[in-house]
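S.K.: Next comes the structure file protein-v7.tsv, holding TSV, C-alpha atoms.
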```
chain	number	residue	atom	x	y	z
A	1	MET	CA	8.31	13.94	-31.12
A	2	LYS	CA	8.70	15.32	-27.61
A	3	SER	CA	11.36	13.65	-25.44
A	4	ILE	CA	11.99	14.12	-21.74
A	5	THR	CA	15.19	12.79	-20.17
A	6	ARG	CA	15.48	12.19	-16.42
A	7	VAL	CA	18.57	11.43	-14.46
A	8	ALA	CA	19.79	9.77	-11.28
A	9	GLU	CA	23.27	9.04	-9.99
A	10	ALA	CA	24.71	6.47	-7.62
A	11	ASP	CA	28.07	7.01	-5.91
A	12	TRP	CA	29.49	3.73	-4.67
A	13	LYS	CA	32.54	3.12	-2.51
A	14	GLY	CA	34.12	-0.26	-1.82
A	15	ASN	CA	33.29	-3.85	-2.59
A	16	LEU	CA	29.87	-5.50	-2.66
A	17	GLU	CA	29.56	-6.78	0.92
A	18	GLN	CA	31.07	-3.94	2.94
A	19	GLY	CA	30.66	-1.15	0.39
A	20	HIS	CA	27.85	1.38	0.34
A	21	GLY	CA	26.29	3.84	-2.03
A	22	LEU	CA	24.41	7.14	-2.14
A	23	VAL	CA	21.69	7.69	-4.71
A	24	THR	CA	20.48	11.09	-5.89
A	25	THR	CA	17.74	11.97	-8.39
A	26	GLY	CA	17.49	14.95	-10.73
A	27	SER	CA	14.48	16.21	-8.78
A	28	ASP	CA	14.67	16.82	-5.08
A	29	SER	CA	13.03	13.50	-4.24
A	30	LEU	CA	16.21	11.58	-3.32
A	31	ARG	CA	19.29	13.43	-2.05
A	32	GLU	CA	22.28	11.18	-1.33
A	33	HIS	CA	19.99	8.46	-0.07
A	34	PRO	CA	21.86	5.38	1.26
A	35	VAL	CA	21.88	1.99	-0.48
A	36	SER	CA	23.81	-1.14	0.39
A	37	PHE	CA	23.81	-4.79	-0.56
A	38	THR	CA	23.37	-6.05	3.00
A	39	LYS	CA	20.33	-3.81	3.56
A	40	ARG	CA	18.96	-4.65	0.13
A	41	ILE	CA	18.65	-8.32	1.09
A	42	GLU	CA	17.47	-7.63	4.67
A	43	GLN	CA	13.69	-7.77	4.38
A	44	GLY	CA	12.65	-5.46	7.20
A	45	ASP	CA	15.08	-2.58	6.75
A	46	ARG	CA	13.42	0.81	6.27
A	47	THR	CA	16.43	3.09	6.66
A	48	SER	CA	17.78	2.83	3.13
A	49	THR	CA	16.16	2.58	-0.28
A	50	ASN	CA	16.79	-0.26	-2.72
A	51	PRO	CA	16.36	-0.82	-6.46
A	52	GLU	CA	13.26	-2.98	-6.01
A	53	GLU	CA	11.19	-0.35	-4.20
A	54	LEU	CA	12.32	2.30	-6.70
A	55	ILE	CA	11.05	0.09	-9.52
A	56	ALA	CA	7.82	-0.45	-7.56
A	57	ALA	CA	7.46	3.33	-7.15
A	58	ALA	CA	8.06	3.91	-10.87
A	59	LEU	CA	5.48	1.27	-11.78
A	60	ALA	CA	2.83	2.37	-9.27
A	61	SER	CA	3.08	6.05	-10.20
A	62	CYS	CA	3.09	5.43	-13.95
A	63	PHE	CA	0.33	2.81	-13.87
A	64	SER	CA	-1.99	4.98	-11.76
A	65	MET	CA	-1.45	7.92	-14.12
A	66	ALA	CA	-1.98	5.75	-17.22
A	67	LEU	CA	-5.10	4.16	-15.70
A	68	SER	CA	-6.56	7.62	-15.04
A	69	LYS	CA	-6.15	8.29	-18.78
A	70	THR	CA	-7.80	5.00	-19.77
A	71	LEU	CA	-10.67	5.59	-17.35
A	72	GLY	CA	-11.21	9.10	-18.72
A	73	ASP	CA	-11.34	7.67	-22.26
A	74	GLU	CA	-13.94	5.16	-21.04
A	75	GLY	CA	-16.20	7.78	-19.49
A	76	ALA	CA	-15.23	7.59	-15.81
A	77	SER	CA	-15.13	10.90	-14.00
A	78	ASP	CA	-12.96	11.83	-11.05
A	79	PRO	CA	-11.50	8.41	-10.22
A	80	GLN	CA	-9.66	7.78	-6.96
A	81	LEU	CA	-7.01	5.11	-7.42
A	82	VAL	CA	-4.62	3.30	-5.13
A	83	VAL	CA	-2.01	1.28	-7.02
A	84	ARG	CA	0.34	-0.85	-4.93
A	85	ALA	CA	3.31	-2.52	-6.61
A	86	GLU	CA	5.29	-5.35	-5.03
A	87	VAL	CA	8.57	-6.20	-6.77
A	88	THR	CA	10.54	-9.30	-5.81
A	89	LEU	CA	14.26	-9.95	-5.98
A	90	ASN	CA	15.00	-13.69	-6.10
A	91	LEU	CA	18.50	-14.87	-5.23
A	92	THR	CA	18.61	-17.92	-7.52
A	93	ASP	CA	21.35	-20.42	-8.36
A	94	GLU	CA	21.69	-18.51	-11.65
A	95	GLY	CA	22.28	-15.23	-9.82
A	96	PRO	CA	19.95	-12.50	-8.60
A	97	LYS	CA	16.78	-11.86	-10.60
A	98	VAL	CA	14.20	-9.08	-10.33
A	99	ASN	CA	11.48	-11.02	-12.08
A	100	GLU	CA	8.21	-10.92	-10.12
A	101	LEU	CA	5.52	-8.26	-9.87
A	102	LEU	CA	2.24	-8.06	-8.02
A	103	LEU	CA	0.13	-5.04	-8.90
A	104	ASP	CA	-2.88	-4.36	-6.69
A	105	VAL	CA	-5.31	-1.80	-8.10
A	106	ALA	CA	-8.11	-0.37	-5.95
A	107	ALA	CA	-10.49	2.26	-7.32
A	108	ILE	CA	-13.40	4.39	-6.26
A	109	ILE	CA	-15.34	5.50	-9.35
A	110	ALA	CA	-18.96	6.65	-9.49
A	111	ASN	CA	-21.31	4.60	-11.70
A	112	PHE	CA	-18.69	2.09	-12.77
A	113	SER	CA	-18.58	-1.70	-12.66
A	114	GLN	CA	-15.90	-4.20	-11.64
A	115	GLU	CA	-16.00	-5.55	-15.20
A	116	LYS	CA	-15.36	-2.10	-16.72
A	117	LEU	CA	-12.52	-1.49	-14.25
A	118	GLU	CA	-10.91	-4.82	-15.11
A	119	HIS	CA	-11.17	-3.94	-18.79
A	120	ALA	CA	-9.54	-0.54	-18.16
A	121	VAL	CA	-6.69	-2.19	-16.21
A	122	ALA	CA	-6.11	-4.68	-19.04
A	123	THR	CA	-5.99	-1.80	-21.55
A	124	THR	CA	-3.60	0.15	-19.30
A	125	ARG	CA	-1.27	-2.83	-19.09
A	126	LYS	CA	-0.76	-2.41	-22.84
A	127	ASN	CA	-0.43	1.40	-22.72
A	128	CYS	CA	1.50	2.27	-19.55
A	129	PRO	CA	5.04	3.00	-20.76
A	130	VAL	CA	6.75	1.76	-17.58
A	131	PHE	CA	4.73	-1.46	-17.56
A	132	LYS	CA	5.64	-1.97	-21.23
A	133	LEU	CA	9.33	-1.42	-20.42
A	134	MET	CA	9.31	-4.01	-17.62
A	135	ASP	CA	6.88	-6.57	-19.04
A	136	PRO	CA	9.30	-8.46	-21.35
A	137	GLY	CA	11.79	-8.94	-18.49
A	138	LEU	CA	9.27	-10.12	-15.87
A	139	GLU	CA	8.69	-13.84	-15.44
A	140	LYS	CA	5.68	-13.67	-13.11
A	141	VAL	CA	3.01	-10.94	-13.08
A	142	ASN	CA	-0.17	-10.88	-11.03
A	143	ILE	CA	-2.67	-8.04	-11.20
A	144	GLU	CA	-5.52	-7.75	-8.70
A	145	VAL	CA	-8.38	-5.33	-9.27
A	146	HIS	CA	-10.86	-4.08	-6.67
A	147	LEU	CA	-13.74	-1.66	-7.17
A	148	ARG	CA	-14.54	0.05	-3.88
A	149	ASN	CA	-17.48	2.18	-2.86
B	1	MET	CA	16.05	-19.62	-2.70
B	2	LYS	CA	15.94	-16.35	-0.79
B	3	SER	CA	13.33	-13.84	-1.96
B	4	ILE	CA	12.95	-10.22	-0.90
B	5	THR	CA	9.78	-8.31	-1.80
B	6	ARG	CA	9.67	-4.51	-1.81
B	7	VAL	CA	6.66	-2.29	-2.10
B	8	ALA	CA	5.55	1.15	-3.18
B	9	GLU	CA	2.11	2.70	-3.52
B	10	ALA	CA	0.68	5.51	-5.61
B	11	ASP	CA	-2.54	7.26	-4.62
B	12	TRP	CA	-4.05	9.08	-7.59
B	13	LYS	CA	-6.99	11.46	-7.69
B	14	GLY	CA	-8.69	12.74	-10.83
B	15	ASN	CA	-8.08	12.50	-14.53
B	16	LEU	CA	-4.76	12.51	-16.38
B	17	GLU	CA	-4.31	16.20	-17.10
B	18	GLN	CA	-5.55	17.85	-13.90
B	19	GLY	CA	-5.16	14.89	-11.57
B	20	HIS	CA	-2.25	14.32	-9.25
B	21	GLY	CA	-0.72	11.51	-7.25
B	22	LEU	CA	1.32	10.81	-4.15
B	23	VAL	CA	3.92	8.04	-4.14
B	24	THR	CA	5.23	6.30	-1.03
B	25	THR	CA	7.87	3.57	-0.70
B	26	GLY	CA	8.13	0.79	1.87
B	27	SER	CA	11.30	2.35	3.25
B	28	ASP	CA	11.35	5.93	4.41
B	29	SER	CA	12.88	7.20	1.18
B	30	LEU	CA	9.66	8.55	-0.39
B	31	ARG	CA	6.74	9.68	1.79
B	32	GLU	CA	3.69	10.88	-0.16
B	33	HIS	CA	5.93	12.43	-2.77
B	34	PRO	CA	3.99	14.29	-5.49
B	35	VAL	CA	3.70	13.10	-9.10
B	36	SER	CA	1.67	14.54	-11.95
B	37	PHE	CA	1.43	14.16	-15.70
B	38	THR	CA	2.02	17.84	-16.43
B	39	LYS	CA	5.20	17.90	-14.32
B	40	ARG	CA	6.33	14.57	-15.74
B	41	ILE	CA	6.50	16.07	-19.22
B	42	GLU	CA	7.91	19.45	-18.09
B	43	GLN	CA	11.67	19.00	-18.47
B	44	GLY	CA	12.97	21.40	-15.85
B	45	ASP	CA	10.67	20.62	-12.92
B	46	ARG	CA	12.46	19.54	-9.74
B	47	THR	CA	9.59	19.72	-7.26
B	48	SER	CA	8.04	16.34	-7.98
B	49	THR	CA	9.44	12.94	-8.83
B	50	ASN	CA	8.53	10.98	-11.96
B	51	PRO	CA	8.72	7.35	-13.09
B	52	GLU	CA	11.73	7.98	-15.33
B	53	GLU	CA	14.03	9.26	-12.60
B	54	LEU	CA	12.89	6.45	-10.28
B	55	ILE	CA	13.89	3.93	-12.97
B	56	ALA	CA	17.18	5.79	-13.40
B	57	ALA	CA	17.76	5.60	-9.62
B	58	ALA	CA	16.98	1.87	-9.56
B	59	LEU	CA	19.37	1.25	-12.46
B	60	ALA	CA	22.20	3.43	-11.16
B	61	SER	CA	22.08	1.97	-7.65
B	62	CYS	CA	21.82	-1.64	-8.81
B	63	PHE	CA	24.45	-1.30	-11.54
B	64	SER	CA	27.00	0.34	-9.23
B	65	MET	CA	26.48	-2.42	-6.64
B	66	ALA	CA	26.72	-5.18	-9.27
B	67	LEU	CA	29.83	-3.57	-10.80
B	68	SER	CA	31.50	-3.52	-7.38
B	69	LYS	CA	30.90	-7.30	-7.26
B	70	THR	CA	32.34	-7.86	-10.75
B	71	LEU	CA	35.37	-5.69	-9.96
B	72	GLY	CA	36.00	-7.61	-6.74
B	73	ASP	CA	35.86	-10.89	-8.70
B	74	GLU	CA	38.39	-9.43	-11.15
B	75	GLY	CA	40.85	-8.41	-8.45
B	76	ALA	CA	40.11	-4.71	-8.05
B	77	SER	CA	40.27	-3.43	-4.49
B	78	ASP	CA	38.33	-0.56	-2.98
B	79	PRO	CA	36.74	0.87	-6.15
B	80	GLN	CA	35.08	4.26	-6.17
B	81	LEU	CA	32.25	4.35	-8.72
B	82	VAL	CA	29.92	7.02	-10.03
B	83	VAL	CA	27.11	5.59	-12.15
B	84	ARG	CA	24.78	8.08	-13.80
B	85	ALA	CA	21.64	6.84	-15.56
B	86	GLU	CA	19.61	8.92	-17.99
B	87	VAL	CA	16.21	7.50	-18.90
B	88	THR	CA	14.16	9.02	-21.71
B	89	LEU	CA	10.40	9.14	-22.16
B	90	ASN	CA	9.47	9.63	-25.82
B	91	LEU	CA	5.97	10.84	-26.68
B	92	THR	CA	5.57	9.05	-30.02
B	93	ASP	CA	2.68	8.74	-32.45
B	94	GLU	CA	2.22	5.22	-31.04
B	95	GLY	CA	1.93	6.56	-27.49
B	96	PRO	CA	4.46	7.23	-24.75
B	97	LYS	CA	7.52	4.99	-24.60
B	98	VAL	CA	10.25	4.72	-21.96
B	99	ASN	CA	12.77	3.14	-24.30
B	100	GLU	CA	16.14	4.90	-24.09
B	101	LEU	CA	18.96	4.61	-21.58
B	102	LEU	CA	22.34	6.25	-21.28
B	103	LEU	CA	24.55	4.81	-18.55
B	104	ASP	CA	27.70	6.73	-17.72
B	105	VAL	CA	30.17	4.82	-15.54
B	106	ALA	CA	33.16	6.59	-13.98
B	107	ALA	CA	35.58	4.72	-11.73
B	108	ILE	CA	38.67	5.31	-9.64
B	109	ILE	CA	40.49	1.98	-9.12
B	110	ALA	CA	44.14	1.50	-8.22
B	111	ASN	CA	46.25	-0.49	-10.70
B	112	PHE	CA	43.44	-1.03	-13.19
B	113	SER	CA	43.16	-0.33	-16.92
B	114	GLN	CA	40.42	1.19	-19.07
B	115	GLU	CA	40.25	-2.12	-20.93
B	116	LYS	CA	39.70	-4.11	-17.74
B	117	LEU	CA	37.04	-1.63	-16.60
B	118	GLU	CA	35.22	-1.90	-19.93
B	119	HIS	CA	35.30	-5.68	-19.61
B	120	ALA	CA	33.88	-5.49	-16.07
B	121	VAL	CA	31.09	-3.18	-17.25
B	122	ALA	CA	30.21	-5.56	-20.09
B	123	THR	CA	30.09	-8.47	-17.61
B	124	THR	CA	27.93	-6.44	-15.21
B	125	ARG	CA	25.48	-5.66	-18.00
B	126	LYS	CA	24.77	-9.40	-18.13
B	127	ASN	CA	24.64	-9.85	-14.31
B	128	CYS	CA	22.95	-6.75	-12.88
B	129	PRO	CA	19.38	-7.88	-12.14
B	130	VAL	CA	17.79	-4.48	-12.78
B	131	PHE	CA	19.65	-4.06	-16.06
B	132	LYS	CA	18.51	-7.56	-17.06
B	133	LEU	CA	14.92	-6.66	-16.20
B	134	MET	CA	14.96	-3.50	-18.34
B	135	ASP	CA	17.18	-4.62	-21.22
B	136	PRO	CA	14.55	-6.50	-23.27
B	137	GLY	CA	12.20	-3.48	-23.18
B	138	LEU	CA	14.79	-0.85	-24.10
B	139	GLU	CA	15.22	0.12	-27.74
B	140	LYS	CA	18.35	2.24	-27.39
B	141	VAL	CA	21.15	1.72	-24.84
B	142	ASN	CA	24.44	3.58	-24.64
B	143	ILE	CA	27.07	2.86	-22.02
B	144	GLU	CA	30.06	5.13	-21.52
B	145	VAL	CA	32.99	4.05	-19.38
B	146	HIS	CA	35.70	6.31	-17.89
B	147	LEU	CA	38.64	5.29	-15.75
B	148	ARG	CA	39.71	8.26	-13.63
B	149	ASN	CA	42.83	8.78	-11.57
```
What do you get writing this file as structure tokens?

M.R.:
Amino acid sequence: MKSITRVAEADWKGNLEQGHGLVTTGSDSLREHPVSFTKRIEQGDRTSTNPEELIAAALASCFSMALSKTLGDEGASDPQLVVRAEVTLNLTDEGPKVNELLLDVAAIIANFSQEKLEHAVATTRKNCPVFKLMDPGLEKVNIEVHLRN
Amino acid sequence: MKSITRVAEADWKGNLEQGHGLVTTGSDSLREHPVSFTKRIEQGDRTSTNPEELIAAALASCFSMALSKTLGDEGASDPQLVVRAEVTLNLTDEGPKVNELLLDVAAIIANFSQEKLEHAVATTRKNCPVFKLMDPGLEKVNIEVHLRN
């Protein structure tokens, strides 16, 4: 069995409210990128990353890749896919929960139907390893599927 | 209840093996960053990101933030934390699985003991919203805790 391990590190200084962190990935994609609690719960901020958008990025990239595999198995050639993931943090009375996902899948595929695309998305939901990791912990999942021309 | 929704998008072209994607987050942290299946399963590659390191980054940043909260509640002042997450993709006979996590927590905290730090980490495991999201889907979790001076 082949195994591939990936790494990221967060350096955090201080308490929750005034403290701040720097997150770095094993690849060159994030280099000491800032994170903070106050910016995490400030909807419009674009200057720092946050765990929710990193989860969304993991899901969108894995799901699009896995869907390209499913579509190939089902006879589609050269698909063009746009997978958008929206991940919601809810600050509940029981504490913070990351428990909602909206996945919007748009595809351009020659000689393919909406019905076949929906079937491929449903199959991918069962196969995509990141979706499978998250699925048991999510309380609300919506998936929208659009075939474009 | 306050809710914060974060977004990322993956644009994918082609099939699994030769295809490639670009991933973009709502904040400026990732802008059309490349992903591909071949690089995802090539251990040493640093030129593209991959879902596993994005999950690791989400976990490390959320866990460090949540641990700073727990430590504050338990009387620690001005902690310095380094949280490293290692996430493993296993290519099994049943398909790919993202099912293993190693979390390494190192902390510098004045007047604190290893025992108290271990207790705070155990509490944070139950409170950290990203850990709670992933925990049900993970098959193997190791957490190492080091108090430094």

S.K.: Just checking: using only C-alpha atoms, which residue out of B:Ser68, B:Thr5, B:Thr38, B:Gln43 ends up closest to Thr123 of chain B?

M.R.: B:Ser68

S.K.: So that I can check the surroundings of Ala57 of chain A, please list as a list of chain:residue names every protein, DNA and RNA residue that reaches within 9 Å of it, counting only C-alpha atoms and ignoring chain neighbours fewer than 6 positions away.

M.R.: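 The filter keeps A:Arg84, A:Ala85, B:Val7, B:Ala8, B:Glu9, B:Ala10, B:Val23, B:Thr24, B:Thr25, B:Leu30, B:Pro51, B:Leu54, B:Ile55.
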
S.K.: With C-alpha atoms retained, write the just-selected residues as a tab-separated table (two decimals), in the coordinates of the input.

M.R.:
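The resulting out_30.tsv:
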```
chain	number	residue	atom	x	y	z
A	84	ARG	CA	0.34	-0.85	-4.93
A	85	ALA	CA	3.31	-2.52	-6.61
B	7	VAL	CA	6.66	-2.29	-2.10
B	8	ALA	CA	5.55	1.15	-3.18
B	9	GLU	CA	2.11	2.70	-3.52
B	10	ALA	CA	0.68	5.51	-5.61
B	23	VAL	CA	3.92	8.04	-4.14
B	24	THR	CA	5.23	6.30	-1.03
B	25	THR	CA	7.87	3.57	-0.70
B	30	LEU	CA	9.66	8.55	-0.39
B	51	PRO	CA	8.72	7.35	-13.09
B	54	LEU	CA	12.89	6.45	-10.28
B	55	ILE	CA	13.89	3.93	-12.97
```

S.K.: Within 10 Å of Leu71 of chain A, counting all atoms listed in the file, which residues qualify if same-chain residues fewer than 6 places away don't, as a PyMOL selection string?

M.R.: (chain A and resi 77-79+109+112+116-117+119-121+123-124) or (chain B and resi 14-16)

S.K.: Using all atoms listed in the file and a cutoff of 12 Å, can you tell me which residues are near (22.7, 5.9, -11.4) in the file's coordinates, and write them out as an MDAnalysis selection string?

M.R.: (chainID A and resid 6:12 21:26 30 32:33 35 51 54) or (chainID B and resid 52:67 81:87 101:106 130:131 143)

S.K.: Just to confirm, what's the straight-line distance from atom CA of Lys69 of chain A to atom CA of Leu91 of chain B in Å (one decimal)?

M.R.: 14.7 Å

S.K.: Tell me, as number ranges by chain, which residues lie within 9 Å of Gly137 of chain B, counting all atoms listed in the file; anything in the same chain fewer than 2 positions away does not count.

M.R.: A: 132-137; B: 98-99, 133-135, 139

S.K.: So what do you get for atom CA of Gly44 of chain B versus atom CA of Thr70 of chain A, distance-wise?

M.R.: 26.8 Å

S.K.: May I ask for the distance between atom CA of Ala122 of chain B and atom CA of Ile41 of chain A, given in Å to one decimal place?

M.R.: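 Atom-to-atom, atom CA of Ala122 of chain B and atom CA of Ile41 of chain A are spaced 24.3 Å apart.
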